[in-house]
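Reproduced below: run11.cif, with mmCIF, C-alpha atoms.
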data_entry
#
loop_
_atom_site.group_PDB
_atom_site.id
_atom_site.type_symbol
_atom_site.label_atom_id
_atom_site.label_comp_id
_atom_site.auth_asym_id
_atom_site.auth_seq_id
_atom_site.Cartn_x
_atom_site.Cartn_y
_atom_site.Cartn_z
ATOM 1 C CA MET H 1 29.758 37.326 0.203
ATOM 2 C CA ASN H 2 26.321 35.984 1.029
ATOM 3 C CA ASP H 3 26.048 35.565 4.788
ATOM 4 C CA PHE H 4 22.408 34.426 4.520
ATOM 5 C CA PRO H 5 22.427 31.625 1.908
ATOM 6 C CA ASN H 6 18.939 30.196 2.647
ATOM 7 C CA LEU H 7 16.716 33.235 2.418
ATOM 8 C CA ASP H 8 14.366 31.586 -0.065
ATOM 9 C CA ARG H 9 13.653 28.883 2.514
ATOM 10 C CA ILE H 10 12.422 31.333 5.135
ATOM 11 C CA ALA H 11 10.641 33.761 2.802
ATOM 12 C CA TYR H 12 6.858 33.721 2.623
ATOM 13 C CA LYS H 13 5.040 33.409 -0.675
ATOM 14 C CA ALA H 14 4.080 37.094 -0.778
ATOM 15 C CA GLU H 15 7.680 38.108 -0.063
ATOM 16 C CA ARG H 16 9.013 35.953 -2.881
ATOM 17 C CA ALA H 17 6.454 37.487 -5.246
ATOM 18 C CA ALA H 18 7.433 41.005 -4.133
ATOM 19 C CA SER H 19 11.125 40.250 -4.637
ATOM 20 C CA ARG H 20 10.465 39.047 -8.184
ATOM 21 C CA ARG H 21 8.685 42.300 -8.980
ATOM 22 C CA LEU H 22 11.555 44.252 -7.430
ATOM 23 C CA ALA H 23 14.138 42.352 -9.472
ATOM 24 C CA LEU H 24 12.281 43.164 -12.697
ATOM 25 C CA ALA H 25 11.759 46.806 -11.776
ATOM 26 C CA GLU H 26 15.337 47.548 -10.702
ATOM 27 C CA GLY H 27 17.343 44.980 -12.630
ATOM 28 C CA LEU H 28 18.511 43.186 -9.493
ATOM 29 C CA SER H 29 19.492 39.546 -9.190
ATOM 30 C CA ALA H 30 16.922 37.276 -7.580
ATOM 31 C CA ASP H 31 19.053 36.884 -4.443
ATOM 32 C CA ALA H 32 19.642 40.618 -4.066
ATOM 33 C CA ALA H 33 15.962 41.416 -4.562
ATOM 34 C CA LEU H 34 14.876 38.839 -2.009
ATOM 35 C CA ARG H 35 17.408 40.119 0.516
ATOM 36 C CA ARG H 36 16.188 43.690 0.133
ATOM 37 C CA THR H 37 12.556 42.576 0.490
ATOM 38 C CA LEU H 38 13.307 40.666 3.683
ATOM 39 C CA GLU H 39 15.330 43.557 5.077
ATOM 40 C CA LEU H 40 12.239 45.742 4.651
ATOM 41 C CA THR H 41 10.173 43.092 6.456
ATOM 42 C CA ALA H 42 12.724 42.846 9.283
ATOM 43 C CA GLY H 43 12.804 46.606 9.829
ATOM 44 C CA ALA H 44 14.795 47.852 12.783
ATOM 45 C CA ALA H 45 15.253 44.348 14.214
ATOM 46 C CA GLY H 46 17.528 43.501 11.314
ATOM 47 C CA LEU H 47 17.715 40.667 8.830
ATOM 48 C CA ALA H 48 19.701 38.394 11.159
ATOM 49 C CA ALA H 49 16.920 38.491 13.751
ATOM 50 C CA LEU H 50 14.305 37.675 11.105
ATOM 51 C CA VAL H 51 16.352 34.739 9.826
ATOM 52 C CA GLU H 52 16.811 33.388 13.365
ATOM 53 C CA LEU H 53 13.107 33.727 14.158
ATOM 54 C CA ARG H 54 11.862 32.028 11.011
ATOM 55 C CA THR H 55 14.484 29.294 11.127
ATOM 56 C CA GLY H 56 13.244 28.471 14.609
ATOM 57 C CA LEU H 57 9.634 28.426 13.419
ATOM 58 C CA LEU H 58 10.538 26.076 10.577
ATOM 59 C CA ALA H 59 12.374 23.754 12.963
ATOM 60 C CA ALA H 60 9.394 23.695 15.317
ATOM 61 C CA GLN H 61 7.011 22.918 12.455
ATOM 62 C CA ALA H 62 9.291 20.130 11.251
ATOM 63 C CA ALA H 63 9.329 18.654 14.769
ATOM 64 C CA ARG H 64 5.520 18.764 14.933
ATOM 65 C CA ASP H 65 5.229 17.111 11.519
ATOM 66 C CA ALA H 66 7.666 14.381 12.559
ATOM 67 C CA ALA H 67 5.753 13.779 15.800
ATOM 68 C CA ARG H 68 2.460 13.480 13.914
ATOM 69 C CA ALA H 69 3.988 11.086 11.391
ATOM 70 C CA SER H 70 5.470 8.987 14.186
ATOM 71 C CA ALA H 71 2.150 8.868 16.045
ATOM 72 C CA LYS H 72 0.312 7.877 12.876
ATOM 73 C CA ALA H 73 2.825 5.118 12.143
ATOM 74 C CA ALA H 74 2.563 3.828 15.705
ATOM 75 C CA ALA H 75 -1.244 3.789 15.530
ATOM 76 C CA THR H 76 -1.139 1.908 12.231
ATOM 77 C CA SER H 77 1.343 -0.585 13.661
ATOM 78 C CA ARG H 78 -0.851 -1.179 16.725
ATOM 79 C CA ARG H 79 -3.917 -1.646 14.541
ATOM 80 C CA ASP H 80 -2.172 -4.089 12.214
ATOM 81 C CA ALA H 81 -0.813 -6.079 15.162
ATOM 82 C CA GLN H 82 -4.291 -6.713 16.529
ATOM 83 C CA PRO H 83 -5.996 -9.885 15.264
ATOM 84 C CA THR H 84 -9.027 -9.231 13.062
ATOM 85 C CA ALA H 85 -12.394 -10.910 13.426
ATOM 86 C CA TRP H 86 -11.935 -12.888 10.198
ATOM 87 C CA ARG H 87 -8.732 -14.452 8.881
ATOM 88 C CA ALA H 88 -8.095 -16.125 5.555
ATOM 89 C CA TRP H 89 -5.376 -17.722 3.434
ATOM 90 C CA PHE H 90 -5.171 -18.395 -0.298
ATOM 91 C CA ASP H 91 -2.861 -20.239 -2.667
ATOM 92 C CA GLY H 92 -2.864 -21.165 -6.332
ATOM 93 C CA SER H 93 -0.824 -23.771 -8.195
ATOM 94 C CA ALA H 94 -0.192 -24.528 -11.866
ATOM 95 C CA LYS H 95 1.155 -27.909 -12.975
ATOM 96 C CA PRO H 96 3.160 -27.584 -15.140
ATOM 97 C CA ASN H 97 3.621 -23.818 -15.221
ATOM 98 C CA PRO H 98 1.631 -22.861 -17.235
ATOM 99 C CA GLY H 99 -0.698 -25.813 -17.017
ATOM 100 C CA ARG H 100 -3.695 -27.048 -15.080
ATOM 101 C CA CYS H 101 -4.520 -24.787 -12.139
ATOM 102 C CA GLY H 102 -5.768 -25.591 -8.677
ATOM 103 C CA ILE H 103 -6.738 -23.163 -5.940
ATOM 104 C CA GLY H 104 -6.909 -23.444 -2.176
ATOM 105 C CA VAL H 105 -8.733 -21.139 0.248
ATOM 106 C CA ARG H 106 -9.214 -21.277 3.995
ATOM 107 C CA ILE H 107 -11.395 -18.767 5.844
ATOM 108 C CA GLU H 108 -11.833 -18.665 9.619
ATOM 109 C CA GLY H 109 -14.737 -16.708 11.105
ATOM 110 C CA PRO H 110 -14.976 -15.147 14.579
ATOM 111 C CA ASP H 111 -17.326 -17.900 15.754
ATOM 112 C CA GLY H 112 -14.842 -20.652 14.907
ATOM 113 C CA HIS H 113 -16.570 -21.485 11.632
ATOM 114 C CA VAL H 114 -14.124 -22.589 8.926
ATOM 115 C CA VAL H 115 -14.667 -22.583 5.168
ATOM 116 C CA GLU H 116 -12.234 -24.439 2.902
ATOM 117 C CA LEU H 117 -12.090 -24.573 -0.879
ATOM 118 C CA ALA H 118 -9.996 -26.924 -2.998
ATOM 119 C CA GLN H 119 -11.049 -26.423 -6.601
ATOM 120 C CA PRO H 120 -9.742 -26.776 -10.144
ATOM 121 C CA ALA H 121 -9.281 -23.372 -11.762
ATOM 122 C CA GLY H 122 -8.811 -23.927 -15.455
ATOM 123 C CA HIS H 123 -5.522 -23.475 -17.273
ATOM 124 C CA GLY H 124 -2.896 -20.771 -16.760
ATOM 125 C CA ASN H 125 0.333 -19.814 -15.057
ATOM 126 C CA SER H 126 1.055 -19.668 -11.342
ATOM 127 C CA SER H 127 0.259 -15.946 -11.003
ATOM 128 C CA GLU H 128 -3.111 -16.438 -12.684
ATOM 129 C CA ALA H 129 -3.807 -19.365 -10.369
ATOM 130 C CA GLU H 130 -2.907 -17.231 -7.330
ATOM 131 C CA TYR H 131 -5.207 -14.431 -8.490
ATOM 132 C CA ARG H 132 -8.066 -16.908 -9.082
ATOM 133 C CA ALA H 133 -7.557 -18.179 -5.540
ATOM 134 C CA LEU H 134 -7.702 -14.637 -4.127
ATOM 135 C CA ILE H 135 -10.855 -13.884 -6.113
ATOM 136 C CA ALA H 136 -12.503 -17.114 -4.892
ATOM 137 C CA LEU H 137 -11.578 -16.135 -1.336
ATOM 138 C CA LEU H 138 -13.068 -12.655 -1.716
ATOM 139 C CA GLU H 139 -16.251 -13.994 -3.293
ATOM 140 C CA THR H 140 -16.653 -16.469 -0.438
ATOM 141 C CA ALA H 141 -15.889 -13.851 2.201
ATOM 142 C CA ALA H 142 -18.452 -11.478 0.704
ATOM 143 C CA ALA H 143 -21.053 -14.254 0.633
ATOM 144 C CA HIS H 144 -20.464 -14.881 4.344
ATOM 145 C CA GLY H 145 -20.594 -11.194 5.267
ATOM 146 C CA ALA H 146 -16.987 -11.115 6.434
ATOM 147 C CA HIS H 147 -15.615 -7.879 7.888
ATOM 148 C CA GLU H 148 -12.384 -6.941 9.621
ATOM 149 C CA LEU H 149 -10.677 -9.522 7.448
ATOM 150 C CA THR H 150 -6.958 -10.247 7.198
ATOM 151 C CA ILE H 151 -5.953 -12.142 4.064
ATOM 152 C CA HIS H 152 -2.645 -13.990 3.862
ATOM 153 C CA GLY H 153 -0.947 -15.138 0.654
ATOM 154 C CA ASP H 154 2.568 -16.172 -0.354
ATOM 155 C CA SER H 155 2.470 -14.625 -3.842
ATOM 156 C CA ARG H 156 4.323 -11.306 -3.837
ATOM 157 C CA VAL H 157 3.260 -10.822 -7.454
ATOM 158 C CA VAL H 158 -0.440 -10.863 -6.595
ATOM 159 C CA ILE H 159 -0.219 -9.072 -3.231
ATOM 160 C CA ASP H 160 1.906 -6.268 -4.689
ATOM 161 C CA ASP H 161 -0.215 -6.056 -7.837
ATOM 162 C CA VAL H 162 -3.563 -5.718 -6.098
ATOM 163 C CA THR H 163 -2.338 -3.343 -3.377
ATOM 164 C CA GLY H 164 0.028 -1.254 -5.504
ATOM 165 C CA PRO H 165 -0.673 1.843 -7.615
ATOM 166 C CA ASP H 166 -2.357 1.508 -11.007
ATOM 167 C CA LEU H 167 0.792 2.753 -12.718
ATOM 168 C CA TYR H 168 2.747 -0.367 -11.779
ATOM 169 C CA ALA H 169 -0.025 -2.950 -12.226
ATOM 170 C CA ALA H 170 0.783 -5.896 -14.494
ATOM 171 C CA PRO H 171 -1.091 -5.521 -17.813
ATOM 172 C CA ALA H 172 -1.358 -9.298 -18.236
ATOM 173 C CA LEU H 173 -3.224 -9.537 -14.915
ATOM 174 C CA ALA H 174 -5.446 -6.470 -15.389
ATOM 175 C CA GLY H 175 -8.709 -8.426 -15.571
ATOM 176 C CA TYR H 176 -7.978 -10.323 -12.364
ATOM 177 C CA ARG H 177 -6.908 -7.142 -10.591
ATOM 178 C CA ALA H 178 -10.104 -5.328 -11.582
ATOM 179 C CA ARG H 179 -12.247 -8.188 -10.266
ATOM 180 C CA ALA H 180 -10.291 -8.387 -7.012
ATOM 181 C CA LEU H 181 -10.555 -4.627 -6.422
ATOM 182 C CA ALA H 182 -14.298 -4.688 -7.088
ATOM 183 C CA LEU H 183 -14.716 -7.415 -4.474
ATOM 184 C CA LEU H 184 -12.462 -5.670 -1.977
ATOM 185 C CA ALA H 185 -14.706 -2.621 -2.252
ATOM 186 C CA LEU H 186 -17.570 -4.759 -0.931
ATOM 187 C CA LEU H 187 -15.675 -5.870 2.162
ATOM 188 C CA PRO H 188 -15.071 -3.385 5.005
ATOM 189 C CA ASP H 189 -11.634 -3.218 6.610
ATOM 190 C CA VAL H 190 -9.635 -5.783 4.640
ATOM 191 C CA ARG H 191 -5.872 -6.174 5.063
ATOM 192 C CA LEU H 192 -3.709 -8.156 2.649
ATOM 193 C CA ARG H 193 -0.436 -9.525 3.969
ATOM 194 C CA TRP H 194 2.341 -11.443 2.296
ATOM 195 C CA VAL H 195 3.565 -14.486 4.225
ATOM 196 C CA PRO H 196 6.352 -16.945 3.362
ATOM 197 C CA ARG H 197 5.245 -20.265 1.922
ATOM 198 C CA HIS H 198 5.933 -22.161 5.134
ATOM 199 C CA LYS H 199 3.262 -20.021 6.833
ATOM 200 C CA ASN H 200 0.705 -20.757 4.138
ATOM 201 C CA THR H 201 0.739 -24.547 4.260
ATOM 202 C CA GLY H 202 -3.003 -24.947 4.790
ATOM 203 C CA ALA H 203 -4.003 -23.117 1.603
ATOM 204 C CA ASP H 204 -1.105 -24.711 -0.296
ATOM 205 C CA ALA H 205 -2.299 -28.209 0.693
ATOM 206 C CA LEU H 206 -5.784 -27.351 -0.536
ATOM 207 C CA SER H 207 -4.491 -26.120 -3.906
ATOM 208 C CA GLN H 208 -2.378 -29.254 -4.270
ATOM 209 C CA ARG H 209 -5.412 -31.389 -3.409
ATOM 210 C CA ALA H 210 -7.297 -29.685 -6.234
ATOM 211 C CA LEU H 211 -4.509 -30.646 -8.650
ATOM 212 C CA ILE H 212 -4.528 -34.238 -7.418
ATOM 213 C CA ASP H 213 -8.286 -34.400 -7.915
ATOM 214 C CA LEU H 214 -7.781 -33.096 -11.466
ATOM 215 C CA GLU H 215 -5.220 -35.796 -12.223
ATOM 216 C CA THR H 216 -7.492 -38.452 -10.711
ATOM 217 C CA ASP H 217 -10.432 -37.319 -12.820
ATOM 218 C CA ALA H 218 -8.273 -37.281 -15.928
ATOM 219 C CA SER H 219 -7.030 -40.838 -15.363
ATOM 220 C CA THR H 220 -10.450 -42.289 -14.487
ATOM 221 C CA PRO H 221 -12.062 -44.096 -17.455
ATOM 222 C CA SER H 222 -15.315 -42.505 -18.532
#

Using structure tokens, write down the structure that the file contains.
Amino acid sequence: MNDFPNLDRIAYKAERAASRRLALAEGLSADAALRRTLELTAGAAGLAALVELRTGLLAAQAARDAARASAKAAATSRRDAQPTAWRAWFDGSAKPNPGRCGIGVRIEGPDGHVVELAQPAGHGNSSEAEYRALIALLETAAAHGAHELTIHGDSRVVIDDVTGPDLYAAPALAGYRARALALLALLPDVRLRWVPRHKNTGADALSQRALIDLETDASTPS
């Protein structure tokens, strides 16, 4: 009967290596070899005392790790809750989908200066339109020397694609993602946040205005 089932958990690397050599030399099972090795380490104090000591050390280390992780999460939460110097919103629309694209961007600077864009953006689907809007926002922010910038968008596809790992990036949007990442590298301290559509009405109105302007231009006799 094994009254110490978790010896591998408390063993140090050198002790595990020594037990493997012992198992090969004497034909012991891995568990038996590790037990004998740890008994030699424990000496007169006994294996039970060694197990108790190291289990306590592991628990203390786990508590320290958890405290550090909690403190880091709290610091990140406090930082993200603080308003940044620059704030921006973007939206892209395709009508139909795919179809003609319009983009809307609104950027607010720390001095109260506001930049708005309502522009046609070629032809494509809604995700492509959203990415073109984000890229236009980043280009404009870089041109204005924006820093400590929080960007809001209601496209989970684009927000998740540009902030997620390369492994899960959408191949069809790879060119847009590469351009967005290159621009983000030029801007210090940028945060991208998803917001529901009802909290992105300003940028949405601008993208819709761009589509209306497109339809007006198309219906105006040359």

Interatomic distance, CA of Arg191 (chain H) to CA of Gly122 (chain H) (Å, one decimal):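 About the pair CA of Arg191 (chain H) and CA of Gly122 (chain H): they are 27.3 Å apart.
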
Could you list, as a short mmCIF file (atom, residue, chain, number, x, y, z; two decimals) with C-alpha atoms, in the frame of the given file, every residue within 12 Å of region 43-59 of chain H, counting all atoms listed in the file and ignoring same-chain residues fewer than 5 positions away?
data_model
loop_
_atom_site.label_atom_id
_atom_site.label_comp_id
_atom_site.auth_asym_id
_atom_site.auth_seq_id
_atom_site.Cartn_x
_atom_site.Cartn_y
_atom_site.Cartn_z
CA ASP H 3 26.05 35.56 4.79
CA PHE H 4 22.41 34.43 4.52
CA PRO H 5 22.43 31.62 1.91
CA ASN H 6 18.94 30.20 2.65
CA LEU H 7 16.72 33.24 2.42
CA ASP H 8 14.37 31.59 -0.06
CA ARG H 9 13.65 28.88 2.51
CA ILE H 10 12.42 31.33 5.14
CA ALA H 11 10.64 33.76 2.80
CA TYR H 12 6.86 33.72 2.62
CA LEU H 34 14.88 38.84 -2.01
CA ARG H 35 17.41 40.12 0.52
CA ARG H 36 16.19 43.69 0.13
CA THR H 37 12.56 42.58 0.49
CA LEU H 38 13.31 40.67 3.68
CA ARG H 64 5.52 18.76 14.93
CA ASP H 65 5.23 17.11 11.52
CA ALA H 66 7.67 14.38 12.56
#

Pick from H:Asp189, H:Val114, H:Ala210, H:Asn125, whichever lies nearest to Ala172 (chain H) using all atoms listed in the file: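 Answer, going by the shortest atom-to-atom distance: H:Asn125.
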
The PyMOL selection byres ((chain H and resi 155-163) around 9) applied to the shown file, residues as a list in words: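 So the PyMOL selection byres ((chain H and resi 155-163) around 9), applied here, picks out Asp91, Gly92, Ser127, Glu128, Glu130, Tyr131, Leu134, His152, Gly153, Asp154, Gly164, Pro165, Asp166, Tyr168, Ala169, Ala170, Leu173, Tyr176, Arg177, Ala178, Ala180, Leu181, Leu192, Arg193, Trp194, Val195, Pro196 and Arg197 of chain H.
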
Separation of CA of Trp86 (chain H) from CA of Gly102 (chain H) in Å: 23.6 Å

Picked residues, the PyMOL selection byres ((chain H and resi 137-146) around 9), expected as a ChimeraX atom specification: /H:85-86,88-90,104-107,109,115,117,132-136,147-149,151,180,183-184,186-188

Store the residues picked out above in a file with C-alpha atoms, as a compact mmCIF listing (two decimals), keeping the file's coordinate frame.
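Contents of result08.txt, as written:
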# COMPACT_ATOMS: atom_id res chain seq x y z
CA ALA H 85 -12.39 -10.91 13.43
CA TRP H 86 -11.94 -12.89 10.20
CA ALA H 88 -8.10 -16.12 5.56
CA TRP H 89 -5.38 -17.72 3.43
CA PHE H 90 -5.17 -18.40 -0.30
CA GLY H 104 -6.91 -23.44 -2.18
CA VAL H 105 -8.73 -21.14 0.25
CA ARG H 106 -9.21 -21.28 4.00
CA ILE H 107 -11.40 -18.77 5.84
CA GLY H 109 -14.74 -16.71 11.10
CA VAL H 115 -14.67 -22.58 5.17
CA LEU H 117 -12.09 -24.57 -0.88
CA ARG H 132 -8.07 -16.91 -9.08
CA ALA H 133 -7.56 -18.18 -5.54
CA LEU H 134 -7.70 -14.64 -4.13
CA ILE H 135 -10.86 -13.88 -6.11
CA ALA H 136 -12.50 -17.11 -4.89
CA HIS H 147 -15.62 -7.88 7.89
CA GLU H 148 -12.38 -6.94 9.62
CA LEU H 149 -10.68 -9.52 7.45
CA ILE H 151 -5.95 -12.14 4.06
CA ALA H 180 -10.29 -8.39 -7.01
CA LEU H 183 -14.72 -7.42 -4.47
CA LEU H 184 -12.46 -5.67 -1.98
CA LEU H 186 -17.57 -4.76 -0.93
CA LEU H 187 -15.68 -5.87 2.16
CA PRO H 188 -15.07 -3.38 5.00

Straight-line distance linking CA of Ala205 (chain H) with CA of Gly175 (chain H), stated in Å to one decimal: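 Distance reported for this atom pair: 26.4 Å.
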
Nearest candidate to Ile103 (chain H) (options H:Gln61, H:Gln208, H:Thr41, H:Thr201; using only C-alpha atoms):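 Counting only C-alpha atoms, the residue closest to Ile103 (chain H) is H:Gln208.
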
The residues within 9 Å of (14.5, 42.7, -6.2), using only C-alpha atoms and the coordinates of the file, should be reported as a JSON list (two decimals) with C-alpha atoms, in the coordinates of the input; which are they?
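Dumped everything to selection27.json:
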[["chain", "number", "residue", "atom", "x", "y", "z"],
["H", 18, "ALA", "CA", 7.43, 41.00, -4.13],
["H", 19, "SER", "CA", 11.12, 40.25, -4.64],
["H", 20, "ARG", "CA", 10.46, 39.05, -8.18],
["H", 21, "ARG", "CA", 8.68, 42.30, -8.98],
["H", 22, "LEU", "CA", 11.56, 44.25, -7.43],
["H", 23, "ALA", "CA", 14.14, 42.35, -9.47],
["H", 24, "LEU", "CA", 12.28, 43.16, -12.70],
["H", 25, "ALA", "CA", 11.76, 46.81, -11.78],
["H", 26, "GLU", "CA", 15.34, 47.55, -10.70],
["H", 27, "GLY", "CA", 17.34, 44.98, -12.63],
["H", 28, "LEU", "CA", 18.51, 43.19, -9.49],
["H", 29, "SER", "CA", 19.49, 39.55, -9.19],
["H", 30, "ALA", "CA", 16.92, 37.28, -7.58],
["H", 31, "ASP", "CA", 19.05, 36.88, -4.44],
["H", 32, "ALA", "CA", 19.64, 40.62, -4.07],
["H", 33, "ALA", "CA", 15.96, 41.42, -4.56],
["H", 34, "LEU", "CA", 14.88, 38.84, -2.01],
["H", 35, "ARG", "CA", 17.41, 40.12, 0.52],
["H", 36, "ARG", "CA", 16.19, 43.69, 0.13],
["H", 37, "THR", "CA", 12.56, 42.58, 0.49]]

Radius query 10 Å about (-2.1, -33.0, -8.7), atoms used: all atoms listed in the file, as a ChimeraX atom specification: /H:93-96,100-102,120,207-216

Minimum-distance residue to Val190 (chain H), chosen among H:Pro110, H:Ala118, H:His123, H:Arg87 (using all atoms listed in the file): H:Arg87

Because some atoms of region 110-128 of chain H are absent here, can you restore N, CA, C and O atoms and send them as an mmCIF file, in the frame of the given file?
data_model
loop_
_atom_site.group_PDB
_atom_site.id
_atom_site.type_symbol
_atom_site.label_atom_id
_atom_site.label_comp_id
_atom_site.auth_asym_id
_atom_site.auth_seq_id
_atom_site.Cartn_x
_atom_site.Cartn_y
_atom_site.Cartn_z
ATOM 1 N N PRO H 110 -15.134 -15.442 13.152
ATOM 2 C CA PRO H 110 -14.976 -15.147 14.579
ATOM 3 C C PRO H 110 -15.654 -16.158 15.483
ATOM 4 O O PRO H 110 -15.314 -16.275 16.654
ATOM 5 N N ASP H 111 -16.616 -16.906 14.949
ATOM 6 C CA ASP H 111 -17.326 -17.900 15.754
ATOM 7 C C ASP H 111 -16.693 -19.286 15.661
ATOM 8 O O ASP H 111 -17.270 -20.269 16.117
ATOM 9 N N GLY H 112 -15.505 -19.363 15.061
ATOM 10 C CA GLY H 112 -14.842 -20.652 14.907
ATOM 11 C C GLY H 112 -15.225 -21.400 13.649
ATOM 12 O O GLY H 112 -14.677 -22.474 13.369
ATOM 13 N N HIS H 113 -16.151 -20.837 12.874
ATOM 14 C CA HIS H 113 -16.570 -21.485 11.632
ATOM 15 C C HIS H 113 -15.447 -21.403 10.598
ATOM 16 O O HIS H 113 -14.821 -20.367 10.423
ATOM 17 N N VAL H 114 -15.191 -22.511 9.914
ATOM 18 C CA VAL H 114 -14.124 -22.589 8.926
ATOM 19 C C VAL H 114 -14.710 -22.973 7.576
ATOM 20 O O VAL H 114 -15.531 -23.891 7.480
ATOM 21 N N VAL H 115 -14.283 -22.258 6.541
ATOM 22 C CA VAL H 115 -14.667 -22.583 5.168
ATOM 23 C C VAL H 115 -13.392 -22.905 4.398
ATOM 24 O O VAL H 115 -12.430 -22.133 4.436
ATOM 25 N N GLU H 116 -13.384 -24.056 3.710
ATOM 26 C CA GLU H 116 -12.234 -24.439 2.902
ATOM 27 C C GLU H 116 -12.668 -24.735 1.474
ATOM 28 O O GLU H 116 -13.731 -25.342 1.256
ATOM 29 N N LEU H 117 -11.846 -24.304 0.526
ATOM 30 C CA LEU H 117 -12.090 -24.573 -0.879
ATOM 31 C C LEU H 117 -10.856 -25.229 -1.473
ATOM 32 O O LEU H 117 -9.733 -24.783 -1.251
ATOM 33 N N ALA H 118 -11.058 -26.287 -2.221
ATOM 34 C CA ALA H 118 -9.996 -26.924 -2.998
ATOM 35 C C ALA H 118 -10.604 -27.225 -4.356
ATOM 36 O O ALA H 118 -11.344 -28.199 -4.515
ATOM 37 N N GLN H 119 -10.324 -26.366 -5.335
ATOM 38 C CA GLN H 119 -11.049 -26.423 -6.601
ATOM 39 C C GLN H 119 -10.106 -26.332 -7.794
ATOM 40 O O GLN H 119 -9.090 -25.627 -7.733
ATOM 41 N N PRO H 120 -10.462 -27.015 -8.890
ATOM 42 C CA PRO H 120 -9.742 -26.776 -10.144
ATOM 43 C C PRO H 120 -10.044 -25.364 -10.630
ATOM 44 O O PRO H 120 -11.115 -24.817 -10.354
ATOM 45 N N ALA H 121 -9.099 -24.764 -11.334
ATOM 46 C CA ALA H 121 -9.281 -23.372 -11.762
ATOM 47 C C ALA H 121 -8.794 -23.171 -13.187
ATOM 48 O O ALA H 121 -8.115 -22.187 -13.498
ATOM 49 N N GLY H 122 -9.130 -24.104 -14.055
ATOM 50 C CA GLY H 122 -8.811 -23.927 -15.455
ATOM 51 C C GLY H 122 -7.342 -24.109 -15.772
ATOM 52 O O GLY H 122 -6.620 -24.860 -15.108
ATOM 53 N N HIS H 123 -6.891 -23.373 -16.777
ATOM 54 C CA HIS H 123 -5.522 -23.475 -17.273
ATOM 55 C C HIS H 123 -4.864 -22.096 -17.194
ATOM 56 O O HIS H 123 -5.498 -21.079 -17.440
ATOM 57 N N GLY H 124 -3.595 -22.054 -16.834
ATOM 58 C CA GLY H 124 -2.896 -20.771 -16.760
ATOM 59 C C GLY H 124 -1.560 -20.916 -16.078
ATOM 60 O O GLY H 124 -1.096 -22.022 -15.806
ATOM 61 N N ASN H 125 -0.946 -19.778 -15.764
ATOM 62 C CA ASN H 125 0.333 -19.814 -15.057
ATOM 63 C C ASN H 125 0.103 -19.653 -13.554
ATOM 64 O O ASN H 125 -1.030 -19.474 -13.097
ATOM 65 N N SER H 126 1.192 -19.689 -12.795
ATOM 66 C CA SER H 126 1.055 -19.668 -11.342
ATOM 67 C C SER H 126 0.462 -18.355 -10.827
ATOM 68 O O SER H 126 -0.318 -18.361 -9.871
ATOM 69 N N SER H 127 0.811 -17.232 -11.451
ATOM 70 C CA SER H 127 0.259 -15.946 -11.003
ATOM 71 C C SER H 127 -1.241 -15.878 -11.262
ATOM 72 O O SER H 127 -2.009 -15.357 -10.430
ATOM 73 N N GLU H 128 -1.673 -16.403 -12.397
ATOM 74 C CA GLU H 128 -3.111 -16.438 -12.684
ATOM 75 C C GLU H 128 -3.823 -17.341 -11.687
ATOM 76 O O GLU H 128 -4.921 -17.016 -11.210
#
